[in-house]
Each structure stands twice: as C-alpha cells, then as structure tokens.
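Here's the structure, in structure tokens; my notes come after.
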Amino acid sequence: MEAKKARGDIILYAVLAVAGIVFYKWIIPTQIFISKTASAEAFSPDTFPNAVTLLFIAASLAGLLLAVFRYRKAVQAEGKPQRDTTPKTRREIVGIFIPFIVFSLVLAYAIMFKYVGFIPATVVIPPVILFVIGCRKWYYYPIYYAFAAAMYLLFRYVLLVPIR
C-alpha cells in the first residue's frame with residue numbers, strides 16, 4: 001500500500017515540478033513587463049515571482065526525490081503494488097472526477113473574469129464549485145457572497161484597483 005501512495009506522489013511531484021518550470025520559463029516573463037531601467041536594478045518587478053517559483057520548483061524536486069526513495073524502499077519491502085480489480089461504485093467513479101471538474105470550473109472562472117468581468121464570474125462560478133465539492137450548508141453561500149462583496153469594495157474603493 002505504501003508503494004502505491006509513493007507512486008502517486010512521484011506523479012504529483014513530477015507534474016508540480018514541470019508546472020513550476022513552465023511558470024518560470026514562459027508564464028512569468030510574458031505576464032510581467034520589465035522596463036530597461038527596472039532590469040538594471042537589483043530588485044525588479046519579477047524578482048519576487050521568480051524567487052517564489054524557484055522555491056516551488058526546489059520543493060517539488062525535493063518531494064519527488066523523497067517519493068522515489070520511499071517507492072524503492074516500499075517495493076523492496078512489499079513488492080510492486082497490485083492493481084485493484086474490485087469494481088467501483090458510481091459514487092467512487094464520480095469522486096475520482098471531482099478534482100477535474102473543480103479545475104475546469106476554476107478555468108471557466110478565469111475566462112469569465114477576463115471577458116465578462118468580476119461580478120458575473122464571482123456570482124456564478126464559486127457557488128457552483130461549493131456545490132460540486134459537497135457543500136450543502138445553506139449559510140456558506142451568503143457568507144461567500146458577503147466575503148466577495150467585501151473584497152470587491154476593498155479593492156475598488158480602498159485600494160483603487162479597477163475591477164470590472
């Protein structure tokens with residue numbers, strides 16, 4: 001059982017390391033404009049995002065290395081993990097896909113935020129995410145809307161960040 005968990009950790013840490021490298025090499029440079037005068041300084045606008053991303057990559061690689069050692073140790077002790085052949089219930093199958101559904105809803109939120117605006121995206125998508133992850137307590141939804149309204153007012157009128 002330990003080998004199966006370690007194998008899943010290897011996949012997770014490898015994906016996180018690749019995502020960190022993609023952010024460091026391509027996403028951060030395309031999203032942060034650095035003028036010629038700012039690039040001459042010791043601390044430029046991309047210093048903090050690059051530092052955090054490098055720390056993220058280092059942590060992912062360290063986790064990957066530890067997971068590989070754990071996997072090797074577990075395989076020596078238990079043998080290779082066997083595939084589970086018991087049939088899964090419908091609820092278990094749906095449970096497997098919930099992270100993918102939530103991720104697609106987060107992408108939909110980002111797209112709606114860009115093209116439609118903060119208010120419509122925030123009114124529609126996050127309550128759907130709460131519902132999908134199994135939040136059935138009705139009072140969480142008004143709490144969410146109150147928090148979103150407070151954040152909107154804070155950014156719009158106190159910090160003067162233009163939000164559409």
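Going by the structure tokens order, chains are called A, B, ..., each with residues numbered from 1, while ligands are numbered from 1 in the order shown.
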Which region 20-125 of chain A residues have any atom within 9 Å of an atom of region 131-154 of chain A, and for each, what is the nearest pair of atoms with distance in Å to one decimal, counting only C-alpha atoms, rows sorted by chain and number, as a tab-separated table?
residue	atom	partner	partner_atom	distance
A:Ile98	CA	A:Ile133	CA	7.1
A:Pro99	CA	A:Ile133	CA	8.6
A:Ile101	CA	A:Val132	CA	8.0
A:Val102	CA	A:Val132	CA	7.3
A:Phe118	CA	A:Tyr152	CA	8.5
A:Ile119	CA	A:Tyr152	CA	8.5
A:Thr122	CA	A:Ala148	CA	7.4
A:Val123	CA	A:Tyr145	CA	7.6
Given the selection you just returned, output its residues as a file containing all heavy atoms, formatted as a compact mmCIF listing (two decimals), in the first residue's frame.
# COMPACT_ATOMS: atom_id res chain seq x y z
N ILE A 98 -14.12 14.60 -9.52
CA ILE A 98 -14.42 15.89 -8.89
C ILE A 98 -13.25 16.87 -8.98
O ILE A 98 -13.46 18.04 -9.30
CB ILE A 98 -14.92 15.69 -7.45
CG1 ILE A 98 -16.36 15.20 -7.51
CG2 ILE A 98 -14.84 16.98 -6.64
CD1 ILE A 98 -17.01 14.95 -6.18
N PRO A 99 -11.99 16.46 -8.74
CA PRO A 99 -10.90 17.44 -8.89
C PRO A 99 -10.80 18.02 -10.31
O PRO A 99 -10.52 19.21 -10.49
CB PRO A 99 -9.64 16.65 -8.54
CG PRO A 99 -10.12 15.54 -7.68
CD PRO A 99 -11.50 15.22 -8.17
N ILE A 101 -13.32 18.35 -12.40
CA ILE A 101 -14.48 19.24 -12.56
C ILE A 101 -14.20 20.59 -11.91
O ILE A 101 -14.46 21.65 -12.50
CB ILE A 101 -15.75 18.58 -11.99
CG1 ILE A 101 -16.13 17.34 -12.80
CG2 ILE A 101 -16.91 19.57 -11.95
CD1 ILE A 101 -17.18 16.48 -12.13
N VAL A 102 -13.65 20.56 -10.70
CA VAL A 102 -13.34 21.80 -9.99
C VAL A 102 -12.27 22.59 -10.76
O VAL A 102 -12.37 23.81 -10.90
CB VAL A 102 -12.89 21.52 -8.54
CG1 VAL A 102 -12.34 22.77 -7.88
CG2 VAL A 102 -14.06 20.96 -7.74
N PHE A 118 -15.61 40.74 -13.15
CA PHE A 118 -15.52 40.16 -11.82
C PHE A 118 -16.88 39.77 -11.26
O PHE A 118 -17.07 38.68 -10.74
CB PHE A 118 -14.82 41.15 -10.88
CG PHE A 118 -14.85 40.74 -9.44
CD1 PHE A 118 -13.97 39.79 -8.97
CD2 PHE A 118 -15.75 41.31 -8.55
CE1 PHE A 118 -13.98 39.40 -7.64
CE2 PHE A 118 -15.77 40.92 -7.22
CZ PHE A 118 -14.88 39.97 -6.77
N ILE A 119 -17.82 40.68 -11.34
CA ILE A 119 -19.11 40.46 -10.67
C ILE A 119 -19.87 39.26 -11.25
O ILE A 119 -20.25 38.37 -10.50
CB ILE A 119 -19.96 41.75 -10.68
CG1 ILE A 119 -19.27 42.81 -9.82
CG2 ILE A 119 -21.36 41.48 -10.17
CD1 ILE A 119 -19.89 44.18 -9.89
N THR A 122 -17.98 36.00 -10.40
CA THR A 122 -17.99 35.70 -8.98
C THR A 122 -19.38 35.31 -8.48
O THR A 122 -19.50 34.55 -7.52
CB THR A 122 -17.46 36.91 -8.19
OG1 THR A 122 -16.17 37.24 -8.71
CG2 THR A 122 -17.32 36.61 -6.73
N VAL A 123 -20.40 35.78 -9.12
CA VAL A 123 -21.76 35.40 -8.73
C VAL A 123 -22.08 33.98 -9.17
O VAL A 123 -22.76 33.25 -8.45
CB VAL A 123 -22.78 36.40 -9.32
CG1 VAL A 123 -24.19 35.88 -9.23
CG2 VAL A 123 -22.68 37.75 -8.62
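Shell of Ala77 (chain A) at 10 Å, with only C-alpha atoms counted and residues fewer than 4 places along the chain excluded, is Glu2, Ala3, Tyr71, Arg72 and Lys73 of chain A.
Using only C-alpha atoms for every distance, the candidate list A:Leu16, A:Ile32, A:Ile21, A:Val106 yields A:Leu16 as the residue closest to Ser60 (chain A).
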Spatial neighbours of Ala58 (chain A), max dist 10 Å, only C-alpha atoms, sep filter under 5 positions, as a short mmCIF file (atom, residue, chain, number, x, y, z; two decimals) with N, CA, C and O atoms, in the first residue's frame:
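The resulting around27.cif:
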data_model
loop_
_atom_site.label_atom_id
_atom_site.label_comp_id
_atom_site.auth_asym_id
_atom_site.auth_seq_id
_atom_site.Cartn_x
_atom_site.Cartn_y
_atom_site.Cartn_z
N ALA A 17 6.64 19.96 -10.50
CA ALA A 17 7.95 20.48 -10.93
C ALA A 17 7.88 21.00 -12.36
O ALA A 17 8.39 22.08 -12.67
N GLY A 20 6.01 24.27 -12.37
CA GLY A 20 6.86 25.34 -11.88
C GLY A 20 7.85 25.81 -12.93
O GLY A 20 8.08 27.01 -13.09
N VAL A 52 9.78 32.96 -5.68
CA VAL A 52 8.76 32.04 -5.18
C VAL A 52 8.65 30.82 -6.10
O VAL A 52 8.52 29.68 -5.63
N THR A 53 8.74 31.04 -7.40
CA THR A 53 8.65 29.92 -8.34
C THR A 53 9.86 29.00 -8.21
O THR A 53 9.71 27.77 -8.26
N GLY A 63 10.50 16.84 -2.98
CA GLY A 63 9.42 15.89 -2.76
C GLY A 63 9.49 14.72 -3.72
O GLY A 63 9.23 13.57 -3.33
N LEU A 64 9.84 14.99 -4.97
CA LEU A 64 9.99 13.93 -5.97
C LEU A 64 11.09 12.96 -5.57
O LEU A 64 10.91 11.74 -5.63
#
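The residue that comes closest to Phe56 (chain A), out of A:Met112, A:Ala121, A:Val15, A:Ile129 and on the basis of only C-alpha atoms, is A:Val15.
Take CA of Ile93 (chain A) and CA of Tyr109 (chain A): the distance between them is 24.8 Å.
Distance-wise, CA of Ile125 (chain A) and CA of Phe97 (chain A) end up 17.7 Å apart.
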Within chain A, find each residue whose DSSP state, derived from the backbone, is alpha helix (DSSP H), and express the selection as a ChimeraX atom specification.
-> /A:2-22,28-31,36-39,47-78,90-115,118-132,140-153
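Counting only C-alpha atoms, the residue from A:Val68, A:Ile10, A:Ile27, A:Ala62 that sits nearest to Asn50 (chain A) is A:Ile27.
If you measure from each of A:Leu66, A:Ala51, A:Leu130, A:Ala110 to Ala6 (chain A) using only C-alpha atoms, the closest one turns out to be A:Leu66.
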